[in-house]
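A.B. asks: Got work-v4.cif for you, mmCIF, C-alpha atoms and all ligand atoms:
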data_input
#
loop_
_atom_site.label_atom_id
_atom_site.label_comp_id
_atom_site.auth_asym_id
_atom_site.auth_seq_id
_atom_site.Cartn_x
_atom_site.Cartn_y
_atom_site.Cartn_z
CA MET A 1 5.78 17.39 7.58
CA GLU A 2 6.11 14.19 5.51
CA LYS A 3 8.24 14.51 2.40
CA ILE A 4 6.07 15.52 -0.55
CA GLN A 5 6.00 13.13 -3.49
CA MET A 6 4.25 13.17 -6.85
CA VAL A 7 2.61 9.90 -5.75
CA ASP A 8 2.76 8.43 -2.23
CA LEU A 9 2.12 4.71 -2.55
CA HIS A 10 3.57 3.79 0.80
CA ARG A 11 1.20 5.84 2.93
CA GLN A 12 -1.68 4.61 0.81
CA TYR A 13 -0.61 1.01 1.45
CA GLU A 14 -0.45 1.59 5.20
CA ARG A 15 -4.17 2.41 5.26
CA ILE A 16 -5.19 -0.78 3.43
CA LYS A 17 -2.42 -3.12 4.62
CA PRO A 18 -4.68 -5.74 6.24
CA GLN A 19 -6.79 -6.30 3.10
CA VAL A 20 -3.82 -6.27 0.73
CA ASP A 21 -1.72 -8.58 2.85
CA ALA A 22 -4.58 -11.02 3.39
CA ASN A 23 -5.35 -11.17 -0.32
CA ILE A 24 -1.70 -11.74 -1.25
CA ALA A 25 -1.35 -14.40 1.45
CA GLU A 26 -4.39 -16.16 0.05
CA VAL A 27 -2.84 -16.29 -3.42
CA ILE A 28 0.40 -17.68 -2.04
CA ALA A 29 -1.46 -20.24 0.06
CA THR A 30 -3.30 -21.52 -3.00
CA THR A 31 -0.20 -21.15 -5.27
CA SER A 32 -2.60 -20.28 -8.04
CA PHE A 33 -0.38 -17.59 -9.50
CA ILE A 34 -1.62 -17.50 -13.10
CA LYS A 35 -5.30 -17.40 -14.10
CA GLY A 36 -6.29 -18.11 -10.51
CA PRO A 37 -9.60 -17.42 -8.79
CA MET A 38 -8.29 -14.06 -7.54
CA VAL A 39 -8.07 -12.84 -11.13
CA SER A 40 -11.65 -13.80 -11.98
CA GLN A 41 -12.86 -12.38 -8.67
CA PHE A 42 -11.26 -9.02 -9.43
CA GLN A 43 -12.53 -9.16 -13.00
CA GLN A 44 -16.12 -9.64 -11.80
CA HIS A 45 -15.83 -6.88 -9.23
CA LEU A 46 -14.49 -4.48 -11.85
CA GLU A 47 -17.25 -5.43 -14.31
CA ALA A 48 -19.81 -4.58 -11.64
CA TYR A 49 -18.08 -1.30 -10.76
CA LEU A 50 -17.91 -0.19 -14.39
CA GLY A 51 -21.27 -1.56 -15.45
CA VAL A 52 -19.62 -3.23 -18.42
CA LYS A 53 -20.25 -6.76 -19.70
CA HIS A 54 -16.65 -7.88 -20.05
CA VAL A 55 -13.38 -6.97 -18.37
CA ILE A 56 -10.39 -8.87 -19.74
CA PRO A 57 -7.34 -8.45 -17.50
CA VAL A 58 -3.96 -8.38 -19.27
CA GLY A 59 -0.30 -7.70 -18.51
CA ASN A 60 -0.28 -3.90 -18.83
CA GLY A 61 -2.03 -0.97 -20.49
CA THR A 62 0.19 -0.98 -23.57
CA ASP A 63 -0.66 -4.63 -24.20
CA ALA A 64 -4.33 -3.78 -23.76
CA LEU A 65 -4.11 -1.18 -26.55
CA GLN A 66 -2.20 -3.57 -28.81
CA ILE A 67 -4.62 -6.45 -28.22
CA ALA A 68 -7.55 -4.11 -28.92
CA LEU A 69 -6.15 -3.25 -32.36
CA MET A 70 -5.45 -6.92 -33.07
CA ALA A 71 -8.92 -8.01 -31.96
CA LEU A 72 -10.55 -5.55 -34.35
CA GLY A 73 -8.66 -7.21 -37.18
CA LEU A 74 -6.86 -4.09 -38.39
CA LYS A 75 -4.39 -4.72 -41.23
CA PRO A 76 -1.08 -3.07 -42.16
CA GLY A 77 -1.76 0.18 -43.96
CA ASP A 78 -5.00 0.83 -42.08
CA GLU A 79 -5.03 4.31 -40.58
CA VAL A 80 -5.64 4.91 -36.89
CA ILE A 81 -6.26 8.42 -35.62
CA ALA A 82 -4.67 9.35 -32.28
CA PRO A 83 -3.77 12.58 -30.48
CA THR A 84 -0.16 13.78 -30.64
CA PHE A 85 -0.25 15.02 -27.02
CA THR A 86 -0.27 11.79 -25.00
CA PHE A 87 1.91 9.08 -23.53
CA VAL A 88 3.79 7.28 -26.29
CA ALA A 89 2.03 3.90 -25.85
CA THR A 90 -1.12 5.17 -27.60
CA ALA A 91 0.64 5.48 -30.97
CA GLU A 92 3.43 2.99 -30.32
CA VAL A 93 1.19 -0.05 -30.62
CA VAL A 94 -0.34 1.31 -33.83
CA ALA A 95 3.11 1.60 -35.41
CA LEU A 96 4.24 -1.74 -33.97
CA LEU A 97 1.43 -3.57 -35.75
CA GLY A 98 2.31 -1.94 -39.08
CA LEU A 99 -0.78 0.25 -38.98
CA THR A 100 -0.42 3.92 -39.82
CA PRO A 101 -0.76 6.32 -36.90
CA VAL A 102 -2.46 9.53 -38.03
CA LEU A 103 -1.72 12.12 -35.40
CA VAL A 104 -3.98 15.06 -34.70
CA ASP A 105 -3.91 18.11 -32.46
CA VAL A 106 -5.70 18.48 -29.14
CA ASP A 107 -8.01 20.95 -27.45
CA PRO A 108 -6.10 23.79 -25.74
CA ASP A 109 -8.35 23.74 -22.67
CA ASP A 110 -9.01 20.11 -21.79
CA PHE A 111 -5.95 18.59 -23.56
CA THR A 112 -7.99 15.83 -25.29
CA ILE A 113 -8.26 15.01 -29.00
CA SER A 114 -9.65 17.82 -31.17
CA ILE A 115 -12.94 16.85 -32.75
CA GLU A 116 -12.51 19.28 -35.69
CA ALA A 117 -9.04 17.86 -36.32
CA ILE A 118 -10.42 14.32 -36.55
CA ARG A 119 -12.87 15.32 -39.28
CA LYS A 120 -10.06 16.73 -41.41
CA VAL A 121 -7.90 13.59 -41.52
CA ILE A 122 -10.47 10.88 -42.21
CA THR A 123 -9.69 9.01 -45.47
CA PRO A 124 -11.03 5.79 -47.00
CA LYS A 125 -8.16 4.01 -45.18
CA THR A 126 -9.18 5.25 -41.73
CA LYS A 127 -10.35 2.35 -39.55
CA ALA A 128 -10.23 3.53 -35.96
CA ILE A 129 -9.94 6.46 -33.57
CA VAL A 130 -8.09 6.19 -30.26
CA PRO A 131 -9.17 9.04 -27.98
CA VAL A 132 -7.11 9.45 -24.82
CA HIS A 133 -8.95 10.58 -21.70
CA LEU A 134 -5.91 12.55 -20.68
CA PHE A 135 -5.15 13.33 -17.05
CA GLY A 136 -8.45 11.78 -15.92
CA GLN A 137 -11.12 13.62 -17.91
CA ASN A 138 -13.02 12.05 -20.81
CA ALA A 139 -12.60 13.34 -24.34
CA ASN A 140 -15.72 14.72 -26.02
CA MET A 141 -17.14 11.26 -26.69
CA GLU A 142 -20.61 12.28 -27.76
CA SER A 143 -19.19 14.14 -30.80
CA LEU A 144 -16.49 11.54 -31.36
CA LEU A 145 -18.89 8.60 -31.36
CA ALA A 146 -21.11 10.46 -33.84
CA ILE A 147 -18.17 10.94 -36.23
CA ALA A 148 -17.17 7.30 -35.80
CA LYS A 149 -20.68 6.15 -36.60
CA GLU A 150 -20.96 8.42 -39.61
CA HIS A 151 -17.68 7.07 -41.08
CA ASN A 152 -17.99 3.49 -39.81
CA LEU A 153 -14.88 3.66 -37.60
CA TYR A 154 -13.97 1.73 -34.48
CA VAL A 155 -13.38 3.61 -31.25
CA ILE A 156 -10.76 2.31 -28.85
CA GLU A 157 -10.64 4.41 -25.70
CA ASP A 158 -7.32 4.89 -23.99
CA ALA A 159 -8.71 5.04 -20.46
CA CYS A 160 -5.36 4.39 -18.78
CA GLN A 161 -5.66 7.63 -16.78
CA SER A 162 -9.41 7.87 -16.36
CA ILE A 163 -10.81 4.80 -14.61
CA GLY A 164 -13.95 5.73 -12.69
CA ALA A 165 -14.65 8.97 -14.58
CA ALA A 166 -18.30 8.91 -15.65
CA TYR A 167 -19.36 10.47 -18.95
CA HIS A 168 -22.66 12.34 -18.94
CA PHE A 169 -24.45 12.04 -22.30
CA SER A 170 -26.94 14.72 -23.28
CA ASP A 171 -29.81 12.22 -23.06
CA GLY A 172 -29.01 11.70 -19.37
CA ARG A 173 -27.17 8.39 -19.71
CA GLN A 174 -24.03 8.01 -17.63
CA VAL A 175 -21.34 5.65 -18.84
CA MET A 176 -17.97 4.95 -17.27
CA SER A 177 -14.79 5.95 -19.02
CA GLY A 178 -13.56 3.15 -21.28
CA CYS A 179 -17.04 1.66 -21.73
CA MET A 180 -18.31 3.86 -24.57
CA GLY A 181 -16.37 2.70 -27.64
CA GLU A 182 -15.98 -0.82 -29.05
CA ILE A 183 -13.13 -1.40 -26.61
CA GLY A 184 -11.68 0.52 -23.66
CA CYS A 185 -8.17 0.00 -22.34
CA THR A 186 -6.78 0.73 -18.92
CA SER A 187 -3.53 0.38 -17.02
CA PHE A 188 -2.94 -0.66 -13.42
CA PHE A 189 0.61 0.71 -13.36
CA PRO A 190 1.36 1.51 -9.69
CA SER A 191 0.93 5.28 -10.05
CA LYS A 192 -2.35 5.09 -11.96
CA ASN A 193 -5.58 5.90 -10.10
CA LEU A 194 -6.21 2.19 -9.56
CA GLY A 195 -2.68 0.83 -9.43
CA CYS A 196 -1.25 -2.58 -8.54
CA TYR A 197 2.22 -3.36 -7.21
CA GLY A 198 3.77 -4.17 -10.56
CA ASP A 199 2.40 -4.17 -14.10
CA GLY A 200 -1.23 -4.75 -15.00
CA GLY A 201 -3.94 -3.67 -17.40
CA ALA A 202 -7.35 -4.57 -18.78
CA LEU A 203 -9.68 -4.24 -21.74
CA PHE A 204 -13.38 -3.46 -21.44
CA THR A 205 -16.10 -4.31 -23.94
CA ASN A 206 -19.84 -4.92 -24.10
CA ASP A 207 -19.49 -7.10 -27.22
CA ASP A 208 -19.51 -10.86 -26.46
CA ALA A 209 -17.77 -11.93 -29.67
CA LEU A 210 -15.10 -9.28 -29.29
CA ALA A 211 -14.53 -10.28 -25.67
CA GLU A 212 -13.96 -13.87 -26.71
CA ARG A 213 -11.52 -12.79 -29.39
CA ILE A 214 -9.65 -10.54 -26.96
CA ARG A 215 -9.36 -13.35 -24.40
CA SER A 216 -8.04 -15.68 -27.05
CA ILE A 217 -5.49 -13.20 -28.45
CA ALA A 218 -4.19 -12.43 -24.96
CA ASN A 219 -3.69 -16.16 -24.52
CA HIS A 220 -1.56 -17.11 -27.56
CA GLY A 221 -4.55 -17.02 -29.89
CA MET A 222 -6.06 -20.14 -28.37
CA GLN A 223 -9.49 -21.05 -27.11
CA VAL A 224 -9.02 -24.79 -26.85
CA ARG A 225 -5.67 -25.65 -25.29
CA TYR A 226 -2.89 -26.07 -27.88
CA HIS A 227 -5.23 -25.13 -30.73
CA HIS A 228 -4.12 -21.76 -32.03
CA ASP A 229 -6.76 -20.02 -34.12
CA HIS A 230 -4.89 -16.76 -34.66
CA VAL A 231 -1.51 -15.26 -33.87
CA GLY A 232 -1.75 -13.99 -30.33
CA VAL A 233 0.43 -12.77 -27.50
CA ASN A 234 1.03 -13.78 -23.91
CA SER A 235 -0.41 -11.07 -21.73
CA ARG A 236 -1.89 -11.80 -18.31
CA LEU A 237 -2.63 -10.06 -15.07
CA ASP A 238 -1.04 -12.30 -12.45
CA SER A 239 -2.92 -13.36 -9.33
CA ILE A 240 -0.78 -11.36 -6.91
CA GLN A 241 -1.51 -8.15 -8.82
CA ALA A 242 -5.20 -9.08 -8.93
CA ALA A 243 -5.04 -9.57 -5.16
CA VAL A 244 -3.77 -6.01 -4.70
CA LEU A 245 -6.33 -4.61 -7.12
CA ASP A 246 -9.24 -6.45 -5.55
CA ALA A 247 -8.26 -5.00 -2.18
CA LYS A 248 -8.02 -1.49 -3.65
CA LEU A 249 -11.12 -1.45 -5.87
CA PRO A 250 -13.54 -0.81 -2.94
CA GLU A 251 -11.40 2.27 -2.16
CA LEU A 252 -11.47 3.68 -5.69
CA ASN A 253 -14.36 6.08 -5.20
CA ASP A 254 -12.75 7.38 -2.03
CA TYR A 255 -9.43 7.75 -3.88
CA ILE A 256 -11.18 9.73 -6.60
CA ALA A 257 -12.87 11.97 -4.02
CA ARG A 258 -9.52 12.64 -2.36
CA ARG A 259 -7.95 13.57 -5.70
CA GLN A 260 -10.87 15.86 -6.46
CA GLY A 261 -10.42 17.46 -3.04
CA VAL A 262 -6.77 18.19 -3.80
CA ALA A 263 -7.72 19.64 -7.20
CA ALA A 264 -10.37 21.88 -5.63
CA TYR A 265 -7.80 23.14 -3.13
CA TYR A 266 -5.30 23.95 -5.90
CA ASP A 267 -8.03 25.55 -8.04
CA SER A 268 -9.06 28.00 -5.36
CA ALA A 269 -5.49 28.75 -4.31
CA PHE A 270 -4.50 29.70 -7.87
CA ALA A 271 -7.78 31.33 -8.89
CA ASN A 272 -6.36 34.84 -8.64
CA CYS A 273 -2.85 34.11 -9.84
CA PRO A 274 -2.43 35.64 -13.32
CA TYR A 275 0.48 33.32 -14.14
CA VAL A 276 -1.40 30.05 -13.72
CA VAL A 277 -4.31 28.60 -15.71
CA VAL A 278 -5.91 25.83 -13.68
CA PRO A 279 -7.11 22.71 -15.54
CA ALA A 280 -10.40 23.19 -17.37
CA ARG A 281 -13.37 21.06 -16.39
CA VAL A 282 -15.88 20.07 -19.05
CA SER A 283 -19.59 19.73 -18.33
CA TYR A 284 -19.97 16.26 -19.85
CA SER A 285 -17.33 14.39 -17.85
CA ASP A 286 -16.19 13.77 -14.31
CA HIS A 287 -12.56 14.59 -13.71
CA VAL A 288 -10.69 11.98 -11.65
CA TYR A 289 -7.43 13.95 -11.71
CA HIS A 290 -4.85 11.37 -12.61
CA GLN A 291 -2.79 14.54 -12.91
CA TYR A 292 -3.37 18.11 -11.86
CA THR A 293 -1.88 19.84 -14.88
CA MET A 294 -1.82 23.60 -15.05
CA LYS A 295 -0.69 25.92 -17.84
CA LEU A 296 1.87 28.61 -17.02
CA LYS A 297 1.52 32.05 -18.55
CA GLY A 298 4.61 34.26 -18.78
CA VAL A 299 6.58 32.14 -16.31
CA ASP A 300 9.95 30.53 -16.99
CA ARG A 301 8.94 26.90 -16.39
CA THR A 302 12.47 25.58 -15.95
CA ALA A 303 13.24 28.26 -13.38
CA LEU A 304 9.98 27.57 -11.56
CA GLN A 305 10.63 23.84 -11.47
CA LYS A 306 14.08 24.54 -10.04
CA ALA A 307 12.72 26.94 -7.41
CA LEU A 308 10.16 24.32 -6.39
CA GLN A 309 12.83 21.63 -6.24
CA GLU A 310 14.80 23.80 -3.80
CA ARG A 311 11.72 23.74 -1.56
CA ASP A 312 11.40 19.96 -1.98
CA ILE A 313 8.23 20.30 -4.03
CA PRO A 314 8.24 17.92 -7.00
CA ALA A 315 6.58 19.04 -10.24
CA MET A 316 6.59 17.15 -13.53
CA ILE A 317 6.09 17.92 -17.21
CA TYR A 318 3.55 15.64 -18.87
CA TYR A 319 4.39 15.63 -21.78
CA PRO A 320 7.47 17.63 -22.80
CA ILE A 321 7.54 16.53 -26.48
CA PRO A 322 4.45 15.72 -28.56
CA LEU A 323 4.62 12.46 -30.51
CA HIS A 324 5.02 14.06 -33.95
CA LEU A 325 8.32 15.57 -32.78
CA GLN A 326 9.67 12.33 -31.29
CA LYS A 327 12.54 10.68 -33.14
CA ALA A 328 10.81 7.30 -33.33
CA TYR A 329 7.76 8.87 -34.98
CA GLU A 330 9.63 11.18 -37.35
CA ASP A 331 7.77 11.20 -40.58
CA SER A 332 7.87 13.33 -43.68
CA ARG A 333 4.18 13.98 -43.05
CA TYR A 334 4.92 15.95 -39.90
CA GLN A 335 7.09 18.86 -38.91
CA ALA A 336 7.38 21.37 -36.10
CA GLY A 337 4.46 23.79 -36.26
CA ASP A 338 1.98 21.23 -37.58
CA PHE A 339 0.17 20.83 -34.27
CA PRO A 340 0.45 24.24 -32.62
CA VAL A 341 -1.77 23.46 -29.65
CA ALA A 342 0.16 20.35 -28.61
CA GLU A 343 3.43 22.19 -29.10
CA MET A 344 2.18 25.12 -27.03
CA LEU A 345 1.01 22.80 -24.26
CA SER A 346 4.30 20.90 -24.23
CA SER A 347 6.07 24.17 -23.57
CA CYS A 348 3.86 25.45 -20.75
CA VAL A 349 2.23 22.60 -18.78
CA LEU A 350 3.29 21.66 -15.29
CA SER A 351 1.79 18.94 -13.09
CA LEU A 352 1.75 19.30 -9.31
CA PRO A 353 1.81 16.50 -6.74
CA MET A 354 -1.50 14.62 -6.95
CA HIS A 355 -2.35 11.56 -4.91
CA THR A 356 -4.63 10.16 -2.26
CA GLU A 357 -2.45 10.94 0.76
CA LEU A 358 -1.71 14.68 0.50
CA ASP A 359 -2.53 16.27 3.85
CA SER A 360 -3.53 19.86 4.54
CA GLU A 361 -0.08 20.81 5.77
CA GLN A 362 1.52 19.54 2.59
CA LEU A 363 -1.09 21.20 0.40
CA ALA A 364 -0.62 24.57 2.11
CA TYR A 365 3.14 24.21 1.70
CA ILE A 366 2.88 23.35 -2.00
CA VAL A 367 0.54 26.24 -2.79
CA LYS A 368 2.63 28.76 -0.87
CA GLY A 369 5.75 27.38 -2.54
CA VAL A 370 4.29 27.75 -6.03
CA LEU A 371 2.96 31.28 -5.47
CA GLN A 372 6.12 32.54 -3.74
CA SER A 373 8.40 30.91 -6.32
CA ILE A 374 6.50 32.55 -9.18
CA GLU A 375 6.72 35.94 -7.47
CA SER A 376 10.46 35.51 -6.94
CA LEU A 377 11.28 34.73 -10.58
C1 LIG B 1 0.05 4.53 -18.53
C2 LIG B 1 -0.49 4.77 -19.89
C3 LIG B 1 -0.42 3.80 -20.90
C4 LIG B 1 0.34 2.52 -20.77
O1 LIG B 1 0.09 1.75 -19.66
P1 LIG B 1 1.19 0.69 -19.15
O2 LIG B 1 0.48 -0.13 -18.17
O3 LIG B 1 2.32 1.48 -18.57
O4 LIG B 1 1.65 -0.10 -20.33
C5 LIG B 1 -1.03 4.08 -22.11
N1 LIG B 1 -1.65 5.25 -22.34
C6 LIG B 1 -1.71 6.22 -21.41
C7 LIG B 1 -2.42 7.49 -21.71
C8 LIG B 1 -1.13 6.02 -20.16
O5 LIG B 1 -1.18 7.00 -19.23
#
Can the structure from this file be put into structure tokens for me?
C.D. replies:
Amino acid sequence: MEKIQMVDLHRQYERIKPQVDANIAEVIATTSFIKGPMVSQFQQHLEAYLGVKHVIPVGNGTDALQIALMALGLKPGDEVIAPTFTFVATAEVVALLGLTPVLVDVDPDDFTISIEAIRKVITPKTKAIVPVHLFGQNANMESLLAIAKEHNLYVIEDACQSIGAAYHFSDGRQVMSGCMGEIGCTSFFPSKNLGCYGDGGALFTNDDALAERIRSIANHGMQVRYHHDHVGVNSRLDSIQAAVLDAKLPELNDYIARRQGVAAYYDSAFANCPYVVVPARVSYSDHVYHQYTMKLKGVDRTALQKALQERDIPAMIYYPIPLHLQKAYEDSRYQAGDFPVAEMLSSCVLSLPMHTELDSEQLAYIVKGVLQSIESL
């Protein structure tokens, strides 16, 4: 049996080597490393895949979130609502720009931002909400967009883990993750569902004026060369990363199906185990399983992780500390106990290996390992 990894990028590469290598060779042959035709080609292919008017490729997902906030013209002191149970980047860029992150709790079942909690923290200073489609499943966007509309707030979707997950609105419309709010942000970090071989990211929007502003900000705030209209940043997807992504994009739906297959296997294997709560699936969203994150009930997580490690089964905790308890985000506004759901989740979640290359032998081994380890504790 091949060694089990959380993510197996090498075996994935072996299946698409000819396309990836040819694309990279083409970039090198043209030496068009920055803003080359490969970048616009990938951009157009992704626009078509998502059904969105504009994709603006940038250097990474964190930059995408930062540029989104800048493009919306938010000013120091403006409040931005974000979930406390997420990867740090979501709130980091808010703080970095001198905006005020207003953290809220999440839903205990699907791990995404709590709609009731949003309502309670809206003030006249609130300007935006940043839902995170955590682990590959969309937040409850229909309710969230209604609140945003009611209070005139921007919605910036953190779709770094959810590319390709369609949202099913009650009127029958289907919209891709990241294409519902004013701006959506994604990451092409290697381990993401659509990952490159370095850093990469993108913003999505259907608004022409906003797209122009985003492009300009990502390029030193200039539209005409050496004329700087606003303070910008330097954030680009380079052509070699675009080459990898353009080779992988046609595989994305297959990658998603493979992840869903793994999740279905885990779900049925743990269905009768009283110590494991498998990830909830909501009716209004696809789940593309960036992570397969289960909740443990009455199991010593540290001991389980150790028992799994002894069997060479990796398992990770996403995320062990919610943002309101992180040193960098310490604030007199928050203390332990303020967000009980996030704190509960941080203490009991465990993510199992999830990628496109898990074979049946590995899956059987993982499931047996988890069930036997729990029994032995
Ligand atoms: C990965 C990730 C980011 C940041 O993306 P980078 O490309 O690593 O900067 C932001 N938010 C979430 C939820 C992520 O998973």
A.B. asks: Mind listing the residues within 8 Å of ligand LIG 1 (chain B), only C-alpha atoms and all ligand atoms counted, as an MDAnalysis selection string?
C.D. replies: chainID A and resid 59:65 86:90 132:135 158:161 186:189 192 199:201
A.B. asks: Report, in Å to a single decimal, how far apart CA of Asp171 in chain A and CA of Asn140 in chain A are.
C.D. replies: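 Taking CA of Asn140 in chain A and CA of Asp171 in chain A, their separation equals 14.6 Å.
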A.B. asks: Which range 200-251 of chain A residues have any atom within 10 Å of an atom of range 35-54 of chain A, and for each, what is the nearest pair of atoms with distance in Å to one decimal, counting all atoms listed in the file, rows sorted by chain and number, as a tab-separated table?
C.D. replies:
residue	atom	partner	partner_atom	distance
A:Ala202	CA	A:Gln43	CA	9.0
A:Leu203	CA	A:His54	CA	8.0
A:Phe204	CA	A:His54	CA	5.7
A:Thr205	CA	A:His54	CA	5.3
A:Asn206	CA	A:Lys53	CA	4.8
A:Asp207	CA	A:Lys53	CA	7.6
A:Asp208	CA	A:His54	CA	7.6
A:Leu210	CA	A:His54	CA	9.5
A:Ala211	CA	A:His54	CA	6.5
A:Glu212	CA	A:His54	CA	9.4
A:Arg236	CA	A:Lys35	CA	7.8
A:Leu237	CA	A:Val39	CA	7.3
A:Asp238	CA	A:Lys35	CA	6.8
A:Ser239	CA	A:Val39	CA	5.5
A:Ile240	CA	A:Met38	CA	8.0
A:Gln241	CA	A:Val39	CA	8.4
A:Ala242	CA	A:Val39	CA	5.2
A:Ala243	CA	A:Met38	CA	6.0
A:Val244	CA	A:Phe42	CA	9.4
A:Leu245	CA	A:Phe42	CA	7.0
A:Asp246	CA	A:Phe42	CA	5.1
A:Ala247	CA	A:Phe42	CA	8.8
A:Leu249	CA	A:Leu46	CA	7.5
A:Pro250	CA	A:His45	CA	9.0
A.B. asks: Nearest to Ile67 in chain A among A:Asp105, A:Arg215, A:Pro131, A:Asp21, with distances taken over all atoms listed in the file: which residue is it?
C.D. replies: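 Looking at the shortest contact to Ile67 in chain A, the residue is A:Arg215.
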A.B. asks: Find the distance between CA of Leu325 in chain A and CA of Leu99 in chain A and write it in Å to one decimal.
C.D. replies: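 Calculated distance between CA of Leu325 in chain A and CA of Leu99 in chain A is 18.9 Å.
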A.B. asks: Report as a list in words all protein, DNA and RNA residues lying within 9 Å of Gln362 in chain A, evaluated on all atoms listed in the file, omitting residues in the same chain fewer than 3 positions from it.
C.D. replies: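 So the residues in contact are Met1, Glu2, Lys3, Ile4, Leu358, Asp359, Tyr365, Ile366 and Val367 of chain A.
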A.B. asks: Emit the selected residues as a compact mmCIF listing (two decimals), in the frame of the given file, including C-alpha atoms.
C.D. replies:
# COMPACT_ATOMS: atom_id res chain seq x y z
CA MET A 1 5.78 17.39 7.58
CA GLU A 2 6.11 14.19 5.51
CA LYS A 3 8.24 14.51 2.40
CA ILE A 4 6.07 15.52 -0.55
CA LEU A 358 -1.71 14.68 0.50
CA ASP A 359 -2.53 16.27 3.85
CA TYR A 365 3.14 24.21 1.70
CA ILE A 366 2.88 23.35 -2.00
CA VAL A 367 0.54 26.24 -2.79
A.B. asks: CA of Ser283 in chain A and CA of Asn138 in chain A are how many Å apart?
C.D. replies: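 Interatomic distance, CA of Ser283 in chain A to CA of Asn138 in chain A: 10.4 Å.
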A.B. asks: Excluding same-chain residues fewer than 2 positions from Ile321 in chain A, what lies within 12 Å of it counting all atoms listed in the file, as a list in words?
C.D. replies: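 Near Ile321 in chain A, the qualifying residues are Thr84, Phe85, Thr86, Phe87, Val88, Ile317, Tyr318, Tyr319, Leu323, His324, Leu325, Gln326, Lys327, Ala328, Tyr329, Ala336, Phe339, Ala342, Glu343, Met344, Leu345, Ser346, Ser347, Cys348 and Val349 of chain A.
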A.B. asks: Dump as a short mmCIF file (atom, residue, chain, number, x, y, z; two decimals) with C-alpha atoms, in the frame of the given file all residues having an atom at most 7 Å from (-14.1, 11.5, -31.7), computed in the file's coordinates with all atoms listed in the file.
C.D. replies:
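This is the output file result_17.cif:
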data_model
loop_
_atom_site.label_atom_id
_atom_site.label_comp_id
_atom_site.auth_asym_id
_atom_site.auth_seq_id
_atom_site.Cartn_x
_atom_site.Cartn_y
_atom_site.Cartn_z
CA ILE A 115 -12.94 16.85 -32.75
CA ILE A 118 -10.42 14.32 -36.55
CA ILE A 129 -9.94 6.46 -33.57
CA PRO A 131 -9.17 9.04 -27.98
CA ASN A 140 -15.72 14.72 -26.02
CA MET A 141 -17.14 11.26 -26.69
CA SER A 143 -19.19 14.14 -30.80
CA LEU A 144 -16.49 11.54 -31.36
CA LEU A 145 -18.89 8.60 -31.36
CA ILE A 147 -18.17 10.94 -36.23
CA ALA A 148 -17.17 7.30 -35.80
#
A.B. asks: When you count all atoms listed in the file, which of these residues is closest to Gln174 in chain A: A:Glu92, A:Glu251, A:Glu142, A:Glu150?
C.D. replies: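 Smallest distance to Gln174 in chain A is found for A:Glu142.
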A.B. asks: Calculated over only C-alpha atoms, which of the candidates A:Val155, A:Ile183, A:Pro101, A:Ser285 has the smallest distance to Phe169 in chain A?
C.D. replies: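 Smallest separation from Phe169 in chain A among the options: A:Ser285.
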A.B. asks: Smallest atom-to-atom distance to Ala71 in chain A: which of A:Cys179, A:Val233, A:Ile56, A:Ile214, using only C-alpha atoms?
C.D. replies: A:Ile214
A.B. asks: May I ask which of the residues A:Tyr197, A:Tyr154, A:Phe33, A:Tyr167 is the closest one to Leu9 in chain A, counting all atoms listed in the file?
C.D. replies: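 Closest to Leu9 in chain A, using all atoms listed in the file: A:Tyr197.
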A.B. asks: Could you list, as number ranges by chain, every residue within 9 Å of Asn193 in chain A, counting all atoms listed in the file and ignoring same-chain residues fewer than 6 positions away?
C.D. replies: A: 136, 160-164, 252, 255-256, 288-290, 355-356
A.B. asks: Could you give me the centre and size, in Å to one decimal, of an axis-aligned box around all listed atoms of range 343-356 of chain A with 4 Å added on every side, as JSON?
C.D. replies:
{"center_x": 0.7, "center_y": 17.8, "center_z": -15.7, "size_x": 18.7, "size_y": 23.3, "size_z": 34.8}
A.B. asks: Would you please work out which residue, of A:Ile34, A:Ala269, A:Val277, A:Leu352, is nearest to Leu371 in chain A when using only C-alpha atoms?
C.D. replies: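 Answer, going by the shortest atom-to-atom distance: A:Ala269.
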A.B. asks: Would you kindly return, as a PyMOL selection string, each protein, DNA or RNA residue with an atom no farther than 9 Å from any atom of Val370 in chain A, considering only C-alpha atoms and excluding same-chain residues fewer than 6 positions away?
C.D. replies: chain A and resi 304+307-308+313
A.B. asks: Excluding Glu375 in chain A and any residue of its chain fewer than 2 positions from it, enumerate the residues within 12 Å of it, using only C-alpha atoms, and give them as number ranges by chain.
C.D. replies: A: 273-276, 298-300, 303-304, 307, 368-373, 377
